[in-house]
file upload_25.pdb (PDB, C-alpha atoms, pLDDT in the B column)
ATOM      1  CA  MET I 243      54.248 155.282 102.374  1.00 43.00           C
ATOM      2  CA  ALA I 244      50.633 154.855 103.414  1.00 45.00           C
ATOM      3  CA  ILE I 245      49.414 155.690 106.890  1.00 45.00           C
ATOM      4  CA  ARG I 246      47.547 152.706 108.324  1.00 58.00           C
ATOM      5  CA  SER I 247      44.889 152.842 110.994  1.00 61.00           C
ATOM      6  CA  GLN I 248      45.809 151.277 114.314  1.00 68.00           C
ATOM      7  CA  GLU I 249      42.150 150.489 114.998  1.00 73.00           C
ATOM      8  CA  GLU I 250      41.111 146.863 114.783  1.00 87.00           C
ATOM      9  CA  LEU I 251      38.815 145.699 112.006  1.00 90.00           C
ATOM     10  CA  VAL I 252      36.274 143.013 112.886  1.00 91.00           C
ATOM     11  CA  VAL I 253      34.874 140.790 110.133  1.00 93.00           C
ATOM     12  CA  GLY I 254      31.224 139.921 110.701  1.00 94.00           C
ATOM     13  CA  LYS I 255      29.246 136.903 109.601  1.00 96.00           C
ATOM     14  CA  PRO I 256      27.824 136.911 106.070  1.00 97.00           C
ATOM     15  CA  GLY I 257      24.132 137.636 105.773  1.00 97.00           C
ATOM     16  CA  PRO I 258      21.375 139.488 103.955  1.00 98.00           C
ATOM     17  CA  PHE I 259      21.363 143.278 103.654  1.00 98.00           C
ATOM     18  CA  ILE I 260      19.108 145.788 101.936  1.00 98.00           C
ATOM     19  CA  VAL I 261      20.989 148.407  99.974  1.00 98.00           C
ATOM     20  CA  ASN I 262      18.620 151.370  99.933  1.00 98.00           C
ATOM     21  CA  ARG I 263      20.604 153.140  97.230  1.00 98.00           C
ATOM     22  CA  ILE I 264      23.819 152.709  95.283  1.00 98.00           C
ATOM     23  CA  HIS I 265      25.457 156.131  94.917  1.00 98.00           C
ATOM     24  CA  SER I 266      28.495 155.080  92.889  1.00 98.00           C
ATOM     25  CA  LEU I 267      29.687 151.856  91.288  1.00 98.00           C
ATOM     26  CA  SER I 268      32.799 150.858  89.349  1.00 97.00           C
ATOM     27  CA  LEU I 269      32.113 148.061  86.894  1.00 94.00           C
ATOM     28  CA  ASP I 270      35.873 147.474  86.638  1.00 95.00           C
ATOM     29  CA  THR I 271      36.755 147.083  90.324  1.00 96.00           C
ATOM     30  CA  GLY I 272      33.386 146.557  92.039  1.00 97.00           C
ATOM     31  CA  ALA I 273      34.068 149.479  94.403  1.00 98.00           C
ATOM     32  CA  CYS I 274      30.860 151.231  95.396  1.00 98.00           C
ATOM     33  CA  THR I 275      29.366 153.769  97.773  1.00 98.00           C
ATOM     34  CA  ILE I 276      26.045 152.657  99.226  1.00 98.00           C
ATOM     35  CA  GLU I 277      23.300 153.385 101.753  1.00 98.00           C
ATOM     36  CA  ILE I 278      22.367 150.304 103.786  1.00 98.00           C
ATOM     37  CA  GLU I 279      19.119 149.838 105.686  1.00 97.00           C
ATOM     38  CA  GLY I 280      19.711 150.034 109.431  1.00 96.00           C
ATOM     39  CA  PHE I 281      22.988 151.994 109.144  1.00 95.00           C
ATOM     40  CA  GLU I 282      23.530 155.751 109.011  1.00 93.00           C
ATOM     41  CA  GLY I 283      25.347 157.549 106.237  1.00 95.00           C
ATOM     42  CA  LEU I 284      27.200 156.270 103.213  1.00 97.00           C
ATOM     43  CA  VAL I 285      29.273 153.101 103.415  1.00 97.00           C
ATOM     44  CA  ASN I 286      32.062 151.895 101.160  1.00 97.00           C
ATOM     45  CA  GLY I 287      31.386 148.566  99.537  1.00 98.00           C
ATOM     46  CA  LYS I 288      32.921 146.065  97.166  1.00 98.00           C
ATOM     47  CA  VAL I 289      30.826 143.965  94.808  1.00 98.00           C
ATOM     48  CA  ASP I 290      32.544 140.621  94.307  1.00 97.00           C
ATOM     49  CA  ASP I 291      29.874 139.017  92.132  1.00 96.00           C
ATOM     50  CA  ILE I 292      30.771 137.706  88.670  1.00 94.00           C
ATOM     51  CA  GLY I 293      27.365 138.974  87.509  1.00 94.00           C
ATOM     52  CA  LEU I 294      28.610 142.576  87.836  1.00 96.00           C
ATOM     53  CA  LYS I 295      30.335 142.270  84.438  1.00 94.00           C
ATOM     54  CA  GLN I 296      27.102 141.286  82.675  1.00 95.00           C
ATOM     55  CA  PRO I 297      25.028 143.935  80.857  1.00 93.00           C
ATOM     56  CA  GLY I 298      21.845 144.863  82.699  1.00 93.00           C
ATOM     57  CA  ASN I 299      23.051 143.372  85.982  1.00 97.00           C
ATOM     58  CA  PRO I 300      21.010 144.028  89.163  1.00 98.00           C
ATOM     59  CA  TYR I 301      23.632 146.451  90.562  1.00 98.00           C
ATOM     60  CA  SER I 302      23.658 148.676  87.463  1.00 97.00           C
ATOM     61  CA  ARG I 303      19.858 148.620  87.303  1.00 97.00           C
ATOM     62  CA  ALA I 304      19.566 149.628  90.977  1.00 98.00           C
ATOM     63  CA  LEU I 305      22.112 152.418  90.465  1.00 97.00           C
ATOM     64  CA  ASP I 306      20.245 153.747  87.414  1.00 97.00           C
ATOM     65  CA  ALA I 307      16.786 153.549  89.010  1.00 97.00           C
ATOM     66  CA  HIS I 308      17.868 154.681  92.519  1.00 97.00           C
ATOM     67  CA  SER I 309      16.039 151.589  93.747  1.00 98.00           C
ATOM     68  CA  PRO I 310      16.713 149.281  96.711  1.00 98.00           C
ATOM     69  CA  LEU I 311      18.479 145.965  96.210  1.00 98.00           C
ATOM     70  CA  ARG I 312      18.626 142.879  98.442  1.00 98.00           C
ATOM     71  CA  VAL I 313      22.147 141.480  98.665  1.00 98.00           C
ATOM     72  CA  ARG I 314      24.227 138.968 100.606  1.00 98.00           C
ATOM     73  CA  GLY I 315      27.451 140.267 102.007  1.00 97.00           C
ATOM     74  CA  ARG I 316      30.096 140.143 104.690  1.00 97.00           C
ATOM     75  CA  PRO I 317      30.369 143.273 106.851  1.00 97.00           C
ATOM     76  CA  VAL I 318      33.582 144.695 108.257  1.00 95.00           C
ATOM     77  CA  PHE I 319      33.296 146.793 111.418  1.00 94.00           C
ATOM     78  CA  LYS I 320      35.659 149.406 112.828  1.00 92.00           C
ATOM     79  CA  GLN I 321      34.999 150.773 116.322  1.00 89.00           C
ATOM     80  CA  ASP I 322      31.584 149.053 116.310  1.00 88.00           C
ATOM     81  CA  GLN I 323      30.569 150.956 113.154  1.00 92.00           C
ATOM     82  CA  LEU I 324      30.017 149.392 109.733  1.00 95.00           C
ATOM     83  CA  HIS I 325      33.196 150.203 107.826  1.00 95.00           C
ATOM     84  CA  LYS I 326      32.735 148.255 104.573  1.00 97.00           C
ATOM     85  CA  LEU I 327      30.401 145.677 103.049  1.00 98.00           C
ATOM     86  CA  PHE I 328      31.778 142.987 100.755  1.00 98.00           C
ATOM     87  CA  ILE I 329      28.816 142.015  98.547  1.00 98.00           C
ATOM     88  CA  THR I 330      28.841 138.482  97.179  1.00 97.00           C
ATOM     89  CA  GLU I 331      25.506 138.308  95.356  1.00 97.00           C
ATOM     90  CA  SER I 332      22.170 139.977  94.783  1.00 96.00           C
ATOM     91  CA  GLU I 333      18.997 138.213  95.919  1.00 88.00           C
TER      92      GLU I 333
END

call {"tool": "encode", "arguments": {"input": "upload_25.pdb", "output": "structure tokens"}}
result
Amino acid sequence: MAIRSQEELVVGKPGPFIVNRIHSLSLDTGACTIEIEGFEGLVNGKVDDIGLKQPGNPYSRALDAHSPLRVRGRPVFKQDQLHKLFITESE
């Protein structure tokens, strides 16, 4: 049995974000750990872009080069803090 948080999650409006660095990325599930401009610390993310499965995709290149990446995503907040970013595409 999993213990679930009683705190409310708030889904924000989709928009542009700058991922300063991708620290980890699963090509199978899209799960990632990222640094996002304007937010402190590491944030969990989920890349839901069909391009993730393609060789040499922008996410893999940014991970390898430790370089920033502009993305569009939908944020999820918990206690007014960014909890997770669902990434839909790179820009």

call {"tool": "resolve_selection", "arguments": {"input": "upload_25.pdb", "expression": "the PyMOL selection byres ((chain I and resi 280-293) around 10)", "output": "PyMOL selection string"}}
result
chain I and resi 259-269+271-279+294-301+313+315-318+323-332

call {"tool": "closest_residue", "arguments": {"input": "upload_25.pdb", "among": "I:Lys320, I:Lys255, I:Ala304, I:Arg314", "to": "I:Glu333", "atoms": "only C-alpha atoms"}}
result
I:Arg314

call {"tool": "atom_distance", "arguments": {"input": "upload_25.pdb", "atom1": "atom CA of I:Ser302", "atom2": "atom CA of I:Asp270"}}
result
12.3 Å

call {"tool": "atom_distance", "arguments": {"input": "upload_25.pdb", "atom1": "atom CA of I:Arg312", "atom2": "atom CA of I:Val253"}}
result
20.1 Å

call {"tool": "axis_aligned_box", "arguments": {"input": "upload_25.pdb", "around": "stretch 294-310 of chain I", "padding_each_side": "5 Å", "output": "JSON"}}
result
{"center_x": 23.2, "center_y": 148.0, "center_z": 88.8, "size_x": 24.3, "size_y": 23.4, "size_z": 25.9}
